[in-house]
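S.K.: As input, take query-v6.txt (compact mmCIF, C-alpha atoms):
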# COMPACT_ATOMS: atom_id res chain seq x y z
CA MET A 141 77.10 128.95 90.06
CA GLU A 142 77.29 125.25 89.31
CA GLU A 143 77.64 122.74 92.15
CA SER A 144 80.96 121.42 90.87
CA THR A 145 82.36 124.96 90.56
CA LYS A 146 81.31 125.68 94.15
CA ARG A 147 82.98 122.46 95.31
CA ASN A 148 86.20 123.31 93.48
CA LEU A 149 86.16 126.75 95.08
CA VAL A 150 85.74 125.25 98.57
CA ASP A 151 88.46 122.72 97.77
CA TRP A 152 90.86 125.59 97.08
CA ILE A 153 89.84 127.99 99.85
CA ILE A 154 90.91 125.83 102.82
CA PRO A 155 94.38 124.90 101.48
CA ALA A 156 94.85 128.56 100.50
CA ILE A 157 93.99 129.72 104.06
CA CYS A 158 96.34 127.05 105.44
CA LEU A 159 99.18 128.24 103.20
CA ILE A 160 98.61 131.90 104.05
CA LEU A 161 98.55 131.11 107.80
CA ALA A 162 101.74 129.04 107.54
CA LEU A 163 103.52 131.83 105.64
CA ALA A 164 102.25 134.44 108.10
CA THR A 165 103.59 132.29 110.96
CA VAL A 166 106.99 132.10 109.32
CA ALA A 167 107.06 135.89 108.91
CA ILE A 168 105.86 136.58 112.48
CA VAL A 169 108.37 134.17 114.06
CA TYR A 170 111.17 135.60 111.90
CA PHE A 171 110.49 139.14 113.09
CA LEU A 172 109.60 138.35 116.73
CA HIS A 173 112.63 136.11 117.38
CA ARG A 174 115.37 138.06 115.66
CA GLY A 175 117.74 137.72 118.59
CA GLU A 176 117.66 133.90 118.59
CA THR A 177 119.70 131.48 116.54
CA ALA A 178 118.48 130.24 113.16
CA LEU A 179 117.98 126.73 114.56
CA ALA A 180 115.81 128.00 117.43
CA ARG A 181 113.66 129.99 114.97
CA LEU A 182 113.38 127.00 112.66
CA THR A 183 112.26 124.82 115.57
CA ILE A 184 109.48 127.26 116.49
CA ILE A 185 108.36 127.57 112.87
CA VAL A 186 108.22 123.78 112.39
CA GLU A 187 106.14 123.42 115.57
CA TYR A 188 103.58 126.02 114.49
CA VAL A 189 103.40 124.84 110.89
CA THR A 190 102.88 121.23 112.03
CA VAL A 191 99.92 122.27 114.19
CA ILE A 192 98.46 124.34 111.32
CA LEU A 193 98.90 121.53 108.75
CA VAL A 194 97.44 118.78 110.96
CA PHE A 195 94.48 121.00 111.88
CA PHE A 196 93.69 121.88 108.29
CA PHE A 197 94.10 118.29 107.09
CA GLY A 198 91.61 117.27 109.79
CA LEU A 199 89.31 120.14 108.88
CA ILE A 200 89.21 119.10 105.22
CA VAL A 201 88.32 115.52 106.22
CA LEU A 202 85.68 116.84 108.65
CA ILE A 203 84.06 119.08 106.02
CA ARG A 204 84.02 116.25 103.49
CA MET A 205 82.43 113.95 106.07
CA ALA A 206 79.77 116.54 106.89
CA THR A 207 78.98 117.22 103.24
CA ASN A 208 78.82 113.47 102.39
CA ARG A 209 81.80 113.63 100.07
CA ILE A 210 83.30 111.03 102.39
CA ASP A 211 80.57 108.41 102.66
CA LEU A 212 80.02 107.32 106.28
CA SER A 213 76.92 105.22 105.62
CA GLY A 214 78.94 102.02 105.94
CA LEU A 215 80.95 103.08 109.00
CA LEU A 216 79.32 100.49 111.25
CA CYS A 217 78.62 97.91 108.52
CA GLU A 218 80.99 95.58 106.75
CA PRO A 219 81.40 96.07 102.99
CA ASP A 220 78.34 95.09 100.89
CA GLN A 221 76.23 94.66 104.01
CA ASN A 222 73.37 96.59 105.47
CA LYS A 223 73.72 95.17 108.97
CA ALA A 224 75.53 96.95 111.78
CA SER A 225 78.51 95.28 113.41
CA MET A 226 78.99 95.21 117.19
CA GLY A 227 82.75 94.86 116.66
CA ARG A 228 82.85 98.20 114.88
CA PHE A 229 80.35 99.89 117.20
CA GLN A 230 82.26 99.10 120.42
CA LEU A 231 85.54 100.24 118.85
CA LEU A 232 83.89 103.54 117.88
CA ILE A 233 82.54 104.08 121.41
CA PHE A 234 85.87 103.35 123.15
CA THR A 235 87.86 105.44 120.70
CA PHE A 236 85.66 108.48 121.24
CA VAL A 237 85.51 108.05 125.03
CA ILE A 238 89.30 107.82 125.39
CA ALA A 239 89.84 110.71 122.94
CA PHE A 240 87.40 112.91 124.88
CA SER A 241 88.94 111.95 128.22
CA LEU A 242 92.41 112.75 126.94
CA LEU A 243 91.27 116.13 125.65
CA LEU A 244 89.47 116.93 128.90
CA ILE A 245 92.55 116.12 131.01
CA ILE A 246 94.77 118.27 128.76
CA VAL A 247 92.33 121.21 128.85
CA SER A 248 91.95 121.00 132.63
CA ALA A 249 95.68 121.03 133.32
CA GLU A 250 97.25 124.36 134.32
CA THR A 251 100.06 123.94 131.83
CA PRO A 252 98.85 121.81 128.93
CA GLU A 253 100.90 118.65 128.56
CA PHE A 254 100.26 115.18 127.22
CA PRO A 255 99.06 113.03 130.16
CA GLN A 256 100.33 109.59 131.02
CA ILE A 257 98.24 106.70 129.75
CA PRO A 258 97.87 103.86 132.29
CA SER A 259 98.33 100.25 131.22
CA GLY A 260 94.66 99.48 131.97
CA ILE A 261 93.55 101.90 129.24
CA LEU A 262 96.04 100.49 126.76
CA LEU A 263 94.71 97.02 127.59
CA LEU A 264 91.12 98.21 127.09
CA LEU A 265 91.91 99.68 123.66
CA GLY A 266 93.88 96.53 122.79
CA ILE A 267 90.94 94.27 123.66
CA SER A 268 88.56 96.50 121.70
CA ALA A 269 90.72 96.62 118.57
CA SER A 270 91.52 92.89 118.80
CA THR A 271 87.81 92.04 118.94
CA TYR A 272 87.27 94.07 115.78
CA ALA A 273 90.19 92.36 114.03
CA VAL A 274 89.19 88.83 115.13
CA SER A 275 85.61 89.55 114.13
CA LYS A 276 86.78 90.48 110.64
CA GLY A 277 88.93 87.35 110.53
CA ILE A 278 85.95 85.13 111.40
CA ASN A 279 83.90 86.77 108.67
CA ALA A 280 86.63 86.42 106.09
CA SER A 281 87.26 82.76 106.82
CA SER A 282 83.62 81.73 107.04
CA SER A 283 81.78 81.19 103.79
CA GLY A 284 78.09 81.71 103.17
CA GLY A 285 75.93 83.07 105.96
CA THR A 286 77.28 85.54 108.48
CA ASP A 287 75.86 87.22 111.53
CA GLY A 288 75.98 90.73 110.24
CA ASP A 289 79.62 91.59 110.70
CA GLY A 290 80.41 91.05 107.08
CA GLY A 291 81.98 88.12 105.33
CA ALA A 292 81.64 86.36 102.06
CA HIS A 293 78.23 85.85 100.57
CA ALA A 294 77.03 82.95 98.57
CA ALA A 295 75.67 83.55 95.10
CA THR A 296 72.18 82.80 96.44
CA ASP A 297 72.32 86.13 98.25
CA GLN A 298 71.18 87.83 95.08
CA THR A 299 68.33 87.46 92.60
CA ILE A 300 69.03 88.23 88.96
CA SER A 301 66.23 88.73 86.47
CA THR A 302 66.62 89.60 82.81
CA THR A 303 63.88 90.61 80.35
CA MET A 304 64.18 91.48 76.67
CA ASP A 305 61.71 93.41 74.57
CA PRO A 306 61.33 91.31 71.32
CA VAL A 307 60.37 94.40 69.28
CA THR A 308 62.99 96.95 70.34
CA GLY A 309 65.61 94.48 71.60
CA LYS A 310 65.89 96.48 74.85
CA THR A 311 67.37 94.34 77.64
CA THR A 312 66.63 95.02 81.30
CA THR A 313 68.68 93.23 83.97
CA THR A 314 67.87 93.63 87.65
CA VAL A 315 70.17 92.36 90.40
CA HIS A 316 68.73 92.49 93.92
CA HIS A 317 70.96 91.80 96.93
CA HIS A 318 68.84 90.34 99.73
CA SER A 319 71.24 91.07 102.58
CA THR A 320 71.90 94.70 101.69
CA GLY A 321 68.61 95.53 99.98
CA LYS A 322 70.63 97.17 97.22
CA SER A 323 69.27 96.78 93.70
CA THR A 324 71.01 97.50 90.41
CA THR A 325 69.01 97.88 87.20
CA THR A 326 70.84 97.91 83.88
CA VAL A 327 68.96 98.83 80.70
CA HIS A 328 70.70 98.35 77.36
CA GLU A 329 69.17 99.90 74.27
CA PRO A 330 70.68 98.46 71.08
CA ALA A 331 69.17 101.27 68.97
CA THR A 332 71.22 103.98 70.67
CA GLY A 333 73.96 101.72 72.04
CA GLN A 334 73.42 103.27 75.48
CA THR A 335 73.49 101.42 78.79
CA THR A 336 71.69 103.04 81.71
CA THR A 337 72.63 101.75 85.16
CA THR A 338 70.51 102.70 88.17
CA VAL A 339 71.70 101.72 91.65
CA HIS A 340 69.33 102.11 94.60
CA HIS A 341 70.75 101.83 98.09
CA PRO A 342 68.09 101.57 100.84
CA THR A 343 70.37 102.66 103.70
CA THR A 344 71.36 105.97 102.26
CA VAL A 345 68.12 106.17 100.22
CA LYS A 346 70.27 107.19 97.29
CA THR A 347 69.57 106.40 93.66
CA THR A 348 72.35 107.02 91.18
CA THR A 349 71.90 106.76 87.42
CA THR A 350 74.73 106.59 84.94
CA VAL A 351 74.42 106.52 81.16
CA ASP A 352 77.22 105.02 79.09
CA PRO A 353 78.10 106.53 76.64
CA PRO A 354 76.71 109.86 77.91
CA PRO A 355 73.93 111.46 75.84
CA PRO A 356 75.05 114.28 73.53
CA GLN A 357 74.82 117.76 75.05
CA PRO A 358 72.32 120.16 73.43
CA ALA A 359 74.03 122.81 71.32
CA MET B 42 108.23 128.92 127.95
CA LEU B 43 105.54 131.45 126.99
CA GLU B 44 105.88 130.31 123.39
CA MET B 45 105.43 126.65 124.36
CA THR B 46 102.36 127.41 126.46
CA PHE B 47 100.74 129.31 123.62
CA LEU B 48 101.57 126.55 121.14
CA ALA B 49 100.21 123.89 123.49
CA LYS B 50 96.98 125.87 123.92
CA LEU B 51 96.70 126.29 120.16
CA ALA B 52 97.18 122.54 119.64
CA THR B 53 94.61 121.81 122.36
CA VAL B 54 92.01 124.09 120.75
CA ALA B 55 92.70 122.58 117.31
CA GLY B 56 92.43 119.05 118.73
CA GLY B 57 89.21 119.95 120.54
CA ILE B 58 87.61 121.28 117.37
CA LEU B 59 88.59 118.20 115.38
CA VAL B 60 87.61 115.57 117.99
CA GLY B 61 84.35 117.42 118.75
CA GLY B 62 83.65 117.81 115.04
CA PHE B 63 84.27 114.14 114.25
CA PHE B 64 82.13 113.05 117.19
CA GLY B 65 79.35 115.49 116.25
CA VAL B 66 79.23 114.43 112.61
CA VAL B 67 79.17 110.71 113.48
CA LEU B 68 76.53 111.22 116.18
CA LEU B 69 74.36 113.32 113.87
CA LYS B 70 74.56 110.75 111.10
CA ILE B 71 73.66 107.95 113.52
CA ALA B 72 70.70 110.02 114.80
CA THR B 73 69.43 110.74 111.28
CA GLY B 74 69.84 107.10 110.27
CA GLU B 75 72.48 107.84 107.65
CA ILE B 76 74.81 105.51 109.57
CA SER B 77 72.63 102.47 110.01
CA LEU B 78 72.36 100.62 113.32
CA ALA B 79 69.94 98.06 111.90
CA TYR B 80 70.55 94.45 112.98
CA LEU B 81 73.06 95.60 115.64
CA LEU B 82 71.63 93.08 118.11
CA SER B 83 70.73 90.36 115.64
CA ALA B 84 72.57 87.31 114.36
CA GLU B 85 71.79 84.76 111.68
CA ASP B 86 70.72 81.38 113.02
CA ALA B 87 71.23 77.95 111.47
CA ALA B 88 68.06 78.31 109.42
CA GLY B 89 69.32 81.55 107.92
CA ARG B 90 66.87 83.73 109.86
CA TRP B 91 67.92 86.89 111.64
CA ALA B 92 67.14 86.67 115.31
CA TYR B 93 67.95 88.59 118.50
CA SER B 94 71.40 87.71 119.85
CA PRO B 95 72.02 87.73 123.65
CA ALA B 96 75.81 87.68 123.03
CA ARG B 97 75.59 91.00 121.24
CA LEU B 98 73.28 92.49 123.86
CA GLN B 99 75.65 91.65 126.73
CA LEU B 100 78.57 93.15 124.79
CA LEU B 101 76.57 96.33 124.19
CA ILE B 102 75.64 96.57 127.88
CA PHE B 103 79.23 96.05 129.09
CA THR B 104 80.62 98.45 126.48
CA VAL B 105 78.19 101.26 127.32
CA GLY B 106 78.55 100.59 131.05
CA VAL B 107 82.35 100.67 131.10
CA ALA B 108 82.50 103.68 128.74
CA ALA B 109 79.96 105.67 130.80
CA ASN B 110 81.70 104.79 134.08
CA TYR B 111 85.08 105.83 132.71
CA LEU B 112 83.75 109.10 131.31
CA HIS B 113 82.13 109.81 134.69
CA SER B 114 85.41 109.24 136.53
CA VAL B 115 87.17 111.67 134.18
CA LEU B 116 84.44 114.31 134.56
CA VAL B 117 84.49 114.05 138.35
CA ASN B 118 88.24 114.63 138.58
CA PRO B 119 89.74 115.97 135.36
CA HIS B 120 92.79 117.50 137.10
CA GLY B 121 95.95 115.47 136.96
CA ASN B 122 98.75 114.49 134.67
CA SER B 123 97.39 111.04 133.90
CA LEU B 124 94.22 109.44 132.60
CA PRO B 125 92.33 107.59 135.36
CA ASP B 126 93.28 103.93 135.44
CA LEU B 127 90.78 101.16 134.93
CA PRO B 128 90.75 98.38 137.57
CA MET B 129 92.03 95.06 136.29
CA SER B 130 88.77 93.40 137.35
CA VAL B 131 86.80 95.69 135.01
CA VAL B 132 89.22 94.99 132.16
CA ALA B 133 88.88 91.25 132.85
CA VAL B 134 85.07 91.44 132.82
CA LEU B 135 85.14 93.39 129.56
CA GLY B 136 87.60 90.89 128.09
CA GLY B 137 85.23 88.07 129.09
CA SER B 138 82.32 89.87 127.46
CA HIS B 139 84.28 90.25 124.23
CA ALA B 140 85.29 86.57 124.39
CA VAL B 141 81.62 85.54 124.71
CA TYR B 142 80.74 87.70 121.70
CA LEU B 143 83.56 86.28 119.59
CA GLY B 144 82.77 82.74 120.74
CA SER B 145 79.16 83.18 119.71
CA LYS B 146 80.23 84.60 116.39
CA ALA B 147 82.68 81.76 115.73
CA PHE B 148 79.98 79.25 116.71
CA SER B 149 77.47 80.68 114.23
CA ALA B 150 80.12 80.94 111.52
CA PHE B 151 81.83 77.54 111.86
CA ILE B 152 79.97 75.13 114.18
CA GLN B 153 76.37 75.82 113.18
CA PRO B 154 76.90 75.09 109.46
CA LEU B 155 78.64 71.81 110.42
CA LEU B 156 75.78 70.78 112.68
CA LYS B 157 73.30 71.69 109.97
CA ASN B 158 75.16 69.50 107.46
CA LEU B 159 75.15 66.57 109.90
CA GLU B 160 71.36 66.71 110.31
Mind turning the file's structure into structure tokens?
M.R.:
Amino acid sequence: MEESTKRNLVDWIIPAICLILALATVAIVYFLHRGETALARLTIIVEYVTVILVFFFGLIVLIRMATNRIDLSGLLCEPDQNKASMGRFQLLIFTFVIAFSLLLIIVSAETPEFPQIPSGILLLLGISASTYAVSKGINASSSGGTDGDGGAHAATDQTISTTMDPVTGKTTTTVHHHSTGKSTTTVHEPATGQTTTTVHHPTTVKTTTTVDPPPPQPA
Amino acid sequence: MLEMTFLAKLATVAGGILVGGFFGVVLLKIATGEISLAYLLSAEDAAGRWAYSPARLQLLIFTVGVAANYLHSVLVNPHGNSLPDLPMSVVAVLGGSHAVYLGSKAFSAFIQPLLKNLE
């Protein structure tokens, strides 16, 4: 079975399970709570279906993150950079610590209920998120060199070299980004009219090649 | 009441799976190098070189210290209807640490290029 067919199958299985579970919940609540009013039954159904939907939405995101269909390679780096940002890293740490603590308190309680959040914790999260936002603001307003948390880059950040074969007319252009290490090679062949673009990213060690227009498929 | 308890337990289990899953995936990707931590403690100096940054190191130390201390206080006493509070002095110290980091960042982004142009 082809990879894309497998992916499509997985893409359909989880929403299908979610739908079946939601429908089963509706049926179960309908039959178990026959003596109650329609509004009471509707309330229970909405509560269960909300939990099911949120869980499956999260599950789909989680599976896509695990299978690299949601790219996390730049989670701690600003766009077009290969350098980790402390602003992002500290926000990640605090978010996970508070989320875990919240979960632990809820699990440990005799009757699960949402705990109160003290002002000190709100202040902590506020400081953390503000640092991230201010850090991004500094990067955006500064031009040229940055300290790794992103920002605009001068044109000198990249080296462009172009060579042309005088016999075949084939043109090869290579763009190398110094800060990210990413290199893009574009080869244009006038004979076939095809342009092959190869992008190599050192962080993810991924090389992707695209051919435009695509070569004809063998019969 | 029974219904609400079951629903709350269901939501807790679902939340646990998702939070644990997100944390696990991110941690695994950091461990395998897929999420890069390169240059986490470095900053660009006036000459354009990447060098070790004390401002970033102190922020990392305070962040890890406060996070570990908080997690410890939750693990020691997880029973209660509220998250443990953080003393204002700790919040103030952390705020100071963040201010130093941002100050250093603003200095390297705005002041250093000006000083370099004046030379």
S.K.: If we count only C-alpha atoms, which residues of chain B reach to within 7 Å of chain A? Please list them as a count of residues only.
M.R.: 43
S.K.: Just the number, please: distance in Å from CA of Leu100 in chain B to CA of Leu265 in chain A, one decimal.
M.R.: 14.9 Å
S.K.: Suppose you want the space between CA of Thr337 in chain A and CA of Val315 in chain A; what is it in Å?
M.R.: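 So the two atoms, CA of Thr337 in chain A and CA of Val315 in chain A, lie 11.0 Å apart.
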S.K.: When you draw a straight line from CA of Gly309 in chain A to CA of Glu329 in chain A, how long is it in Å?
M.R.: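 Those two atoms sit 7.0 Å apart.
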S.K.: May I ask which of the residues B:Val67, B:Ala92, B:Gln153, B:Val60 is the closest one to Ile210 in chain A, counting only C-alpha atoms?
M.R.: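 Between B:Val67, B:Ala92, B:Gln153, B:Val60, the residue approaching Ile210 in chain A most closely is B:Val67.
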S.K.: With distances taken over only C-alpha atoms, which residue among A:Val327, A:Ala280, A:Val307, A:Val150 lies nearest Glu218 in chain A?
M.R.: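 Using only C-alpha atoms, Glu218 in chain A sits closest to A:Ala280.
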S.K.: Taking into account only C-alpha atoms, which residue in the set A:Ile200, A:Val166, A:Leu179, A:Leu172 is nearest to Ile153 in chain A?
M.R.: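 The shortest atom-to-atom distance to Ile153 in chain A comes from A:Ile200.
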